[in-house]
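Heads up: the structure comes next, in structure tokens.
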Amino acid sequence: MAAPTPSPRPVTHILFDMDGLLLDTERLHSVVFQEICDRYGKEYSWDVQSLVMGRKALDGAQIIIDALHLPMSKEKLVEESQEKLRELFPTAGLMRGVERLIQHLRERHVPMAVATSAGAASFQMKTRRHEEFFGLFDHIVLGDDPEVRKGKPDPDIFLVCAKRFSPPASVEKCLVFEDAPNGVEAALAAGMQVVMVPDGHLPRELTTKATVVLASLQDFQPELFGLPPYE
């Protein structure tokens with residue numbers, strides 16, 4: 001029998017994933033990878049996608065190749081997908097409830113940062129239309145940061161992100177927002193609580209480890225974690 005999920009505890013610092021959580025980019029990844037898989041008669045199913053979400057590009061590409069037996073290298077898959085995504089990324093909008101929550105936290109002086117597996121080039125493409133929005137965060141840690149030795153589900157990116165607050169944040173006082181099972185695993189491995197906002201297609205059994213699961217960021221109640229409530 002699975003252990004019950006602990007009740008929410010008060011936090012002081014917030015860490016956000018980006019793809020599929022702040023920005024509506026996971027959908028674009030799905031379209032492009034399915035387009036490539038179509039050439040080989042393969043389906044980029046949610047079973048495969050759930051393994052890939054949140055990982056660094058090359059790690060995710062290798063999982064797709066192994067799961068679907070694609071006759072290409074991980075480098076070639078990343079190169080081809082990035083070329084297609086380059087046209088699509090600038091169209092990505094913010095997810096529901098994001099602006100209200102981030103503005104609220106900023107106005108209440110709650111320290112917050114982004115911890116994304118996206119590398120620098122990918123991040124720039126995705127956020128081109130949203131530079132002012134991403135300027136609201138204290139800092140941003142990318143997947144190709146030299147200090148992030150291993151990608152999610154390892155905890156490195158969240159530990160590095162917490163350390164870069166000034167002063168550094170205690171992991172027990174950090175709350176992570178994630179949409180991906182790998183990100184939830186990484187947050188828990190870092191000793192942090194995690195709010196999961198999964199895509200509705202994600203199998204329910206992959207959402208059970210999160211502290212709280214929401215349909216949308218619009219449903220988040222800050223006071224559950226000792227944060228200032230919405231007025």
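In the structure tokens, each chain is lettered A, B, ... as it comes, each chain's residues begin at 1, and ligands are numbered from 1 in order of appearance.
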
Range 49-124 of chain A near range 157-176 of chain A within 10 Å: what's each residue's closest atom pair and its distance in Å to one decimal, counting only C-alpha atoms, ordered by chain then ascending residue number, as CSV?
residue,atom,partner,partner_atom,distance
A:Pro111,CA,A:Phe165,CA,7.7
A:Met112,CA,A:Phe165,CA,8.5
A:Ala113,CA,A:Cys161,CA,7.2
A:Val114,CA,A:Cys161,CA,7.7
A:Ala115,CA,A:Ile157,CA,6.3
A:Thr116,CA,A:Ile157,CA,7.8
A:Ser117,CA,A:Ile157,CA,8.0

Could you write out the selected residues, including N, CA, C and O atoms, as a PDB file, in the first residue's frame?
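Generated output (selection.pdb):
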ATOM      1  N   PRO A 111      10.266  35.171  -2.964  1.00  0.00           N
ATOM      2  CA  PRO A 111      11.363  34.817  -3.878  1.00  0.00           C
ATOM      3  C   PRO A 111      10.953  33.657  -4.787  1.00  0.00           C
ATOM      4  O   PRO A 111      10.404  32.655  -4.318  1.00  0.00           O
ATOM      5  N   MET A 112      11.233  33.789  -6.088  1.00  0.00           N
ATOM      6  CA  MET A 112      10.857  32.730  -7.021  1.00  0.00           C
ATOM      7  C   MET A 112      11.842  32.682  -8.187  1.00  0.00           C
ATOM      8  O   MET A 112      12.446  33.691  -8.561  1.00  0.00           O
ATOM      9  N   ALA A 113      12.006  31.467  -8.725  1.00  0.00           N
ATOM     10  CA  ALA A 113      12.972  31.249  -9.797  1.00  0.00           C
ATOM     11  C   ALA A 113      12.434  30.185 -10.746  1.00  0.00           C
ATOM     12  O   ALA A 113      11.457  29.500 -10.461  1.00  0.00           O
ATOM     13  N   VAL A 114      13.096  30.069 -11.901  1.00  0.00           N
ATOM     14  CA  VAL A 114      12.752  29.048 -12.891  1.00  0.00           C
ATOM     15  C   VAL A 114      13.891  28.038 -12.956  1.00  0.00           C
ATOM     16  O   VAL A 114      15.071  28.411 -12.978  1.00  0.00           O
ATOM     17  N   ALA A 115      13.528  26.747 -12.984  1.00  0.00           N
ATOM     18  CA  ALA A 115      14.503  25.660 -13.137  1.00  0.00           C
ATOM     19  C   ALA A 115      14.027  24.790 -14.294  1.00  0.00           C
ATOM     20  O   ALA A 115      13.132  23.966 -14.126  1.00  0.00           O
ATOM     21  N   THR A 116      14.589  25.019 -15.475  1.00  0.00           N
ATOM     22  CA  THR A 116      14.113  24.337 -16.681  1.00  0.00           C
ATOM     23  C   THR A 116      15.201  23.497 -17.337  1.00  0.00           C
ATOM     24  O   THR A 116      16.367  23.903 -17.381  1.00  0.00           O
ATOM     25  N   SER A 117      14.804  22.352 -17.857  1.00  0.00           N
ATOM     26  CA  SER A 117      15.748  21.481 -18.561  1.00  0.00           C
ATOM     27  C   SER A 117      16.142  22.043 -19.919  1.00  0.00           C
ATOM     28  O   SER A 117      17.072  21.547 -20.549  1.00  0.00           O
TER      29      SER A 117
END

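Distances from A:Lys209, A:Arg9, A:Phe225, A:Leu21 to Met95 in chain A were compared using only C-alpha atoms, and the smallest one belongs to A:Leu21.
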
Q: Within 10 Å of Leu77 in chain A, counting only C-alpha atoms, which residues show up once you throw out same-chain ones fewer than 6 positions away? Write them as a list in words, please.
A: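 Those residues are Phe33, Ile36, Ala57, Leu58, Gly60, Ala61, Gln62, Ile64, Ile65, Leu70, Pro71 and Glu83 of chain A.
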
Let me see the file: selected residues, all heavy atoms, as a PDB file, in the first residue's frame.
ATOM      1  N   PHE A  33       7.512  15.711 -32.629  1.00  0.00           N
ATOM      2  CA  PHE A  33       8.010  14.339 -32.501  1.00  0.00           C
ATOM      3  C   PHE A  33       7.091  13.345 -33.211  1.00  0.00           C
ATOM      4  O   PHE A  33       7.559  12.372 -33.808  1.00  0.00           O
ATOM      5  CB  PHE A  33       8.191  13.956 -31.030  1.00  0.00           C
ATOM      6  CG  PHE A  33       9.437  14.525 -30.417  1.00  0.00           C
ATOM      7  CD1 PHE A  33       9.379  15.249 -29.236  1.00  0.00           C
ATOM      8  CD2 PHE A  33      10.673  14.346 -31.014  1.00  0.00           C
ATOM      9  CE1 PHE A  33      10.527  15.793 -28.669  1.00  0.00           C
ATOM     10  CE2 PHE A  33      11.832  14.879 -30.458  1.00  0.00           C
ATOM     11  CZ  PHE A  33      11.762  15.598 -29.282  1.00  0.00           C
ATOM     12  N   ILE A  36       7.890  13.383 -36.904  1.00  0.00           N
ATOM     13  CA  ILE A  36       9.092  12.603 -37.219  1.00  0.00           C
ATOM     14  C   ILE A  36       8.792  11.112 -37.123  1.00  0.00           C
ATOM     15  O   ILE A  36       9.185  10.322 -37.997  1.00  0.00           O
ATOM     16  CB  ILE A  36      10.244  12.987 -36.266  1.00  0.00           C
ATOM     17  CG1 ILE A  36      10.671  14.444 -36.509  1.00  0.00           C
ATOM     18  CG2 ILE A  36      11.438  12.043 -36.448  1.00  0.00           C
ATOM     19  CD1 ILE A  36      11.619  15.011 -35.472  1.00  0.00           C
ATOM     20  N   ALA A  57      17.454  17.526 -23.596  1.00  0.00           N
ATOM     21  CA  ALA A  57      17.108  17.165 -24.978  1.00  0.00           C
ATOM     22  C   ALA A  57      17.715  15.832 -25.424  1.00  0.00           C
ATOM     23  O   ALA A  57      17.014  14.966 -25.949  1.00  0.00           O
ATOM     24  CB  ALA A  57      17.531  18.285 -25.923  1.00  0.00           C
ATOM     25  N   LEU A  58      19.013  15.648 -25.217  1.00  0.00           N
ATOM     26  CA  LEU A  58      19.668  14.423 -25.684  1.00  0.00           C
ATOM     27  C   LEU A  58      19.185  13.201 -24.917  1.00  0.00           C
ATOM     28  O   LEU A  58      19.007  12.122 -25.502  1.00  0.00           O
ATOM     29  CB  LEU A  58      21.194  14.557 -25.579  1.00  0.00           C
ATOM     30  CG  LEU A  58      21.865  15.418 -26.651  1.00  0.00           C
ATOM     31  CD1 LEU A  58      23.333  15.642 -26.320  1.00  0.00           C
ATOM     32  CD2 LEU A  58      21.737  14.777 -28.040  1.00  0.00           C
ATOM     33  N   GLY A  60      16.219  12.828 -23.536  1.00  0.00           N
ATOM     34  CA  GLY A  60      14.866  12.555 -24.010  1.00  0.00           C
ATOM     35  C   GLY A  60      14.872  11.898 -25.382  1.00  0.00           C
ATOM     36  O   GLY A  60      14.095  10.964 -25.642  1.00  0.00           O
ATOM     37  N   ALA A  61      15.747  12.364 -26.262  1.00  0.00           N
ATOM     38  CA  ALA A  61      15.837  11.798 -27.614  1.00  0.00           C
ATOM     39  C   ALA A  61      16.230  10.322 -27.567  1.00  0.00           C
ATOM     40  O   ALA A  61      15.685   9.499 -28.309  1.00  0.00           O
ATOM     41  CB  ALA A  61      16.845  12.590 -28.446  1.00  0.00           C
ATOM     42  N   GLN A  62      17.154   9.979 -26.683  1.00  0.00           N
ATOM     43  CA  GLN A  62      17.582   8.582 -26.573  1.00  0.00           C
ATOM     44  C   GLN A  62      16.437   7.693 -26.098  1.00  0.00           C
ATOM     45  O   GLN A  62      16.276   6.557 -26.563  1.00  0.00           O
ATOM     46  CB  GLN A  62      18.768   8.459 -25.613  1.00  0.00           C
ATOM     47  CG  GLN A  62      19.413   7.070 -25.621  1.00  0.00           C
ATOM     48  CD  GLN A  62      19.994   6.726 -26.982  1.00  0.00           C
ATOM     49  OE1 GLN A  62      20.872   7.416 -27.484  1.00  0.00           O
ATOM     50  NE2 GLN A  62      19.493   5.658 -27.598  1.00  0.00           N
ATOM     51  N   ILE A  64      13.220   8.196 -26.670  1.00  0.00           N
ATOM     52  CA  ILE A  64      12.313   8.037 -27.814  1.00  0.00           C
ATOM     53  C   ILE A  64      12.848   6.991 -28.780  1.00  0.00           C
ATOM     54  O   ILE A  64      12.114   6.094 -29.235  1.00  0.00           O
ATOM     55  CB  ILE A  64      12.118   9.385 -28.541  1.00  0.00           C
ATOM     56  CG1 ILE A  64      11.418  10.396 -27.623  1.00  0.00           C
ATOM     57  CG2 ILE A  64      11.303   9.191 -29.829  1.00  0.00           C
ATOM     58  CD1 ILE A  64      11.372  11.805 -28.184  1.00  0.00           C
ATOM     59  N   ILE A  65      14.130   7.075 -29.079  1.00  0.00           N
ATOM     60  CA  ILE A  65      14.763   6.141 -30.021  1.00  0.00           C
ATOM     61  C   ILE A  65      14.691   4.711 -29.498  1.00  0.00           C
ATOM     62  O   ILE A  65      14.353   3.769 -30.234  1.00  0.00           O
ATOM     63  CB  ILE A  65      16.229   6.562 -30.281  1.00  0.00           C
ATOM     64  CG1 ILE A  65      16.257   7.840 -31.126  1.00  0.00           C
ATOM     65  CG2 ILE A  65      17.007   5.438 -30.970  1.00  0.00           C
ATOM     66  CD1 ILE A  65      17.592   8.546 -31.136  1.00  0.00           C
ATOM     67  N   LEU A  70      13.654   3.843 -33.391  1.00  0.00           N
ATOM     68  CA  LEU A  70      13.864   4.727 -34.534  1.00  0.00           C
ATOM     69  C   LEU A  70      15.287   4.562 -35.060  1.00  0.00           C
ATOM     70  O   LEU A  70      16.251   4.527 -34.278  1.00  0.00           O
ATOM     71  CB  LEU A  70      13.629   6.190 -34.137  1.00  0.00           C
ATOM     72  CG  LEU A  70      12.231   6.565 -33.629  1.00  0.00           C
ATOM     73  CD1 LEU A  70      12.148   8.058 -33.368  1.00  0.00           C
ATOM     74  CD2 LEU A  70      11.145   6.127 -34.601  1.00  0.00           C
ATOM     75  N   PRO A  71      15.455   4.495 -36.385  1.00  0.00           N
ATOM     76  CA  PRO A  71      16.787   4.281 -36.969  1.00  0.00           C
ATOM     77  C   PRO A  71      17.565   5.582 -37.141  1.00  0.00           C
ATOM     78  O   PRO A  71      17.899   5.984 -38.255  1.00  0.00           O
ATOM     79  CB  PRO A  71      16.451   3.643 -38.322  1.00  0.00           C
ATOM     80  CG  PRO A  71      15.141   4.265 -38.691  1.00  0.00           C
ATOM     81  CD  PRO A  71      14.393   4.468 -37.400  1.00  0.00           C
ATOM     82  N   GLU A  83      15.042  22.010 -35.351  1.00  0.00           N
ATOM     83  CA  GLU A  83      14.859  22.791 -36.578  1.00  0.00           C
ATOM     84  C   GLU A  83      13.370  23.078 -36.812  1.00  0.00           C
ATOM     85  O   GLU A  83      12.980  24.189 -37.170  1.00  0.00           O
ATOM     86  CB  GLU A  83      15.440  22.015 -37.764  1.00  0.00           C
ATOM     87  CG  GLU A  83      15.497  22.815 -39.048  1.00  0.00           C
ATOM     88  CD  GLU A  83      16.213  22.056 -40.160  1.00  0.00           C
ATOM     89  OE1 GLU A  83      17.194  21.344 -39.873  1.00  0.00           O
ATOM     90  OE2 GLU A  83      15.765  22.190 -41.306  1.00  0.00           O
TER      91      GLU A  83
END

Q: From a DSSP calculation on the backbone, collect every residue of range 15-216 of chain A in alpha helix (DSSP H) and output the set as a ChimeraX atom specification.
A: /A:26-38,46-52,57-68,74-88,98-107,120-127,131-134,156-163,181-189

Q. Can you list every residue in range 38-118 of chain A that DSSP puts in strand (DSSP E), as a list of chain:residue names?
A.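 So the strand (DSSP E) residues in range 38-118 of chain A would be A:Met112, A:Ala113, A:Val114, A:Ala115.
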
Counting only C-alpha atoms, which residues of range 23-92 of chain A sit at most 10 Å from some atom of range 138-143 of chain A, and what is each one's closest atom pair with its distance in Å to one decimal, listed by chain and rising residue number, as CSV?
residue,atom,partner,partner_atom,distance
A:Gly54,CA,A:Gly143,CA,9.8
A:Arg55,CA,A:Gly143,CA,8.6
A:Lys56,CA,A:Gly143,CA,6.4
A:Ala57,CA,A:Gly143,CA,8.9

Take the residues that were just selected and, keeping N, CA and C atoms, output them as a short mmCIF file (atom, residue, chain, number, x, y, z; two decimals), in the first residue's frame.
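And here's selection_23.cif as it stands now:
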data_model
loop_
_atom_site.label_atom_id
_atom_site.label_comp_id
_atom_site.auth_asym_id
_atom_site.auth_seq_id
_atom_site.Cartn_x
_atom_site.Cartn_y
_atom_site.Cartn_z
N GLY A 54 10.44 16.78 -19.21
CA GLY A 54 11.30 17.27 -18.14
C GLY A 54 12.76 16.93 -18.29
N ARG A 55 13.09 16.06 -19.24
CA ARG A 55 14.50 15.66 -19.39
C ARG A 55 15.25 16.61 -20.33
N LYS A 56 16.58 16.56 -20.23
CA LYS A 56 17.41 17.30 -21.17
C LYS A 56 17.20 16.72 -22.57
N ALA A 57 17.45 17.53 -23.60
CA ALA A 57 17.11 17.17 -24.98
C ALA A 57 17.71 15.83 -25.42
#

Q: Calculate how many Å separate CA of Met125 in chain A from CA of Glu79 in chain A, rounding to one decimal.
A: 14.6 Å

Q.
What's around Gln124 in chain A at 12 Å? Count only C-alpha atoms, leave out sequence neighbours fewer than 4 positions away in its own chain, and write the answer as a ChimeraX atom specification.
A. /A:86,89-90,118-120,128-131,134,140,142

Export of prior selection with N, CA, C and O atoms as a PDB file, in the first residue's frame:
ATOM      1  N   ARG A  86      11.974  25.459 -33.988  1.00  0.00           N
ATOM      2  CA  ARG A  86      12.442  26.846 -34.085  1.00  0.00           C
ATOM      3  C   ARG A  86      11.339  27.755 -34.647  1.00  0.00           C
ATOM      4  O   ARG A  86      11.206  28.908 -34.250  1.00  0.00           O
ATOM      5  N   PHE A  89       8.221  27.557 -31.588  1.00  0.00           N
ATOM      6  CA  PHE A  89       8.414  28.045 -30.219  1.00  0.00           C
ATOM      7  C   PHE A  89       7.966  29.490 -29.998  1.00  0.00           C
ATOM      8  O   PHE A  89       7.347  29.795 -28.966  1.00  0.00           O
ATOM      9  N   PRO A  90       8.264  30.401 -30.924  1.00  0.00           N
ATOM     10  CA  PRO A  90       7.857  31.799 -30.678  1.00  0.00           C
ATOM     11  C   PRO A  90       6.344  31.978 -30.581  1.00  0.00           C
ATOM     12  O   PRO A  90       5.877  33.016 -30.124  1.00  0.00           O
ATOM     13  N   ALA A 118      15.450  23.061 -20.389  1.00  0.00           N
ATOM     14  CA  ALA A 118      15.779  23.682 -21.676  1.00  0.00           C
ATOM     15  C   ALA A 118      17.183  24.275 -21.635  1.00  0.00           C
ATOM     16  O   ALA A 118      17.587  24.867 -20.631  1.00  0.00           O
ATOM     17  N   GLY A 119      17.931  24.119 -22.733  1.00  0.00           N
ATOM     18  CA  GLY A 119      19.236  24.752 -22.847  1.00  0.00           C
ATOM     19  C   GLY A 119      19.078  26.215 -23.238  1.00  0.00           C
ATOM     20  O   GLY A 119      17.964  26.684 -23.523  1.00  0.00           O
ATOM     21  N   ALA A 120      20.196  26.932 -23.283  1.00  0.00           N
ATOM     22  CA  ALA A 120      20.158  28.379 -23.514  1.00  0.00           C
ATOM     23  C   ALA A 120      19.501  28.749 -24.849  1.00  0.00           C
ATOM     24  O   ALA A 120      18.650  29.637 -24.909  1.00  0.00           O
ATOM     25  N   ARG A 128      11.065  34.407 -26.344  1.00  0.00           N
ATOM     26  CA  ARG A 128      11.278  35.653 -27.091  1.00  0.00           C
ATOM     27  C   ARG A 128      10.121  36.639 -26.917  1.00  0.00           C
ATOM     28  O   ARG A 128      10.326  37.837 -26.809  1.00  0.00           O
ATOM     29  N   ARG A 129       8.895  36.131 -26.899  1.00  0.00           N
ATOM     30  CA  ARG A 129       7.712  36.992 -26.757  1.00  0.00           C
ATOM     31  C   ARG A 129       7.400  37.321 -25.301  1.00  0.00           C
ATOM     32  O   ARG A 129       6.450  38.069 -25.029  1.00  0.00           O
ATOM     33  N   HIS A 130       8.151  36.748 -24.384  1.00  0.00           N
ATOM     34  CA  HIS A 130       7.783  36.865 -22.972  1.00  0.00           C
ATOM     35  C   HIS A 130       8.951  37.348 -22.097  1.00  0.00           C
ATOM     36  O   HIS A 130       9.057  36.972 -20.934  1.00  0.00           O
ATOM     37  N   GLU A 131       9.821  38.180 -22.665  1.00  0.00           N
ATOM     38  CA  GLU A 131      11.011  38.619 -21.925  1.00  0.00           C
ATOM     39  C   GLU A 131      10.640  39.374 -20.653  1.00  0.00           C
ATOM     40  O   GLU A 131      11.261  39.186 -19.603  1.00  0.00           O
ATOM     41  N   PHE A 134       9.501  36.868 -17.909  1.00  0.00           N
ATOM     42  CA  PHE A 134      10.582  36.097 -17.294  1.00  0.00           C
ATOM     43  C   PHE A 134      11.545  36.986 -16.508  1.00  0.00           C
ATOM     44  O   PHE A 134      12.315  36.490 -15.689  1.00  0.00           O
ATOM     45  N   ILE A 140      17.121  32.344 -13.196  1.00  0.00           N
ATOM     46  CA  ILE A 140      16.697  31.228 -14.042  1.00  0.00           C
ATOM     47  C   ILE A 140      17.881  30.279 -14.204  1.00  0.00           C
ATOM     48  O   ILE A 140      18.985  30.708 -14.545  1.00  0.00           O
ATOM     49  N   LEU A 142      19.190  26.956 -16.263  1.00  0.00           N
ATOM     50  CA  LEU A 142      18.919  26.200 -17.482  1.00  0.00           C
ATOM     51  C   LEU A 142      19.550  24.810 -17.429  1.00  0.00           C
ATOM     52  O   LEU A 142      20.475  24.555 -16.660  1.00  0.00           O
TER      53      LEU A 142
END

Determine, for each residue of range 204-229 of chain A having at least one atom at most 10 Å from an atom of range 195-198 of chain A, the closest pair of atoms and their separation in Å to one decimal, counting only C-alpha atoms; order by chain and ascending number, as a tab-separated table.
residue	atom	partner	partner_atom	distance
A:Arg204	CA	A:Pro198	CA	9.0
A:Leu206	CA	A:Pro198	CA	9.1
A:Thr207	CA	A:Met196	CA	7.2
A:Thr208	CA	A:Met196	CA	9.4
A:Lys209	CA	A:Met196	CA	9.0
A:Ala210	CA	A:Met196	CA	5.9
A:Thr211	CA	A:Val195	CA	5.9
A:Val212	CA	A:Val195	CA	4.8
A:Val213	CA	A:Met196	CA	4.8
A:Leu214	CA	A:Val197	CA	5.0
A:Ala215	CA	A:Val197	CA	5.8
A:Ser216	CA	A:Val197	CA	5.9
A:Leu217	CA	A:Val197	CA	7.0
A:Asp219	CA	A:Val197	CA	9.7
A:Phe220	CA	A:Val195	CA	8.8

Those same residues, written as a compact mmCIF listing (two decimals), in the first residue's frame with C-alpha atoms?
# COMPACT_ATOMS: atom_id res chain seq x y z
CA ARG A 204 -3.29 9.25 -13.30
CA LEU A 206 1.98 9.07 -12.61
CA THR A 207 0.62 11.92 -10.48
CA THR A 208 0.36 10.21 -7.09
CA LYS A 209 3.70 11.31 -5.60
CA ALA A 210 3.08 15.07 -5.69
CA THR A 211 2.17 16.98 -2.53
CA VAL A 212 -0.77 18.57 -4.36
CA VAL A 213 -2.18 17.90 -7.86
CA LEU A 214 -4.07 20.66 -9.73
CA ALA A 215 -5.93 20.81 -13.04
CA SER A 216 -4.55 24.31 -13.63
CA LEU A 217 -2.47 26.96 -11.88
CA ASP A 219 -6.69 26.42 -8.86
CA PHE A 220 -3.64 27.04 -6.65

Q) Using only C-alpha atoms, which residue out of A:Pro8, A:Pro229, A:Pro181, A:Gly191 lies closest to Pro153 in chain A? A)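 Looking at the shortest contact to Pro153 in chain A, the residue is A:Pro181.
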
(Q) Applying 10 Å and only C-alpha atoms, which residues near Arg100 in chain A remain after dropping the ones on its own chain fewer than 3 positions away? List them as a list in words. (A)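 Residues meeting the cut-off are Arg96, Gly97, Gln103, His104, Leu105, Leu217, Gln218 and Tyr230 of chain A.
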
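Among the candidate residues A:Arg108, A:Leu188, A:His201, A:Thr12, the one lying nearest to Glu26 in chain A is A:His201, with distances computed using only C-alpha atoms.
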
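Across the structure, CA of Ala189 in chain A and CA of Lys152 in chain A are spaced 9.8 Å apart.
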
Q. Counting only C-alpha atoms, what is within 9 Å of Asp59 in chain A, bar same-chain residues fewer than 5 positions away, as a ChimeraX atom specification?
A. /A:52,64,74,151
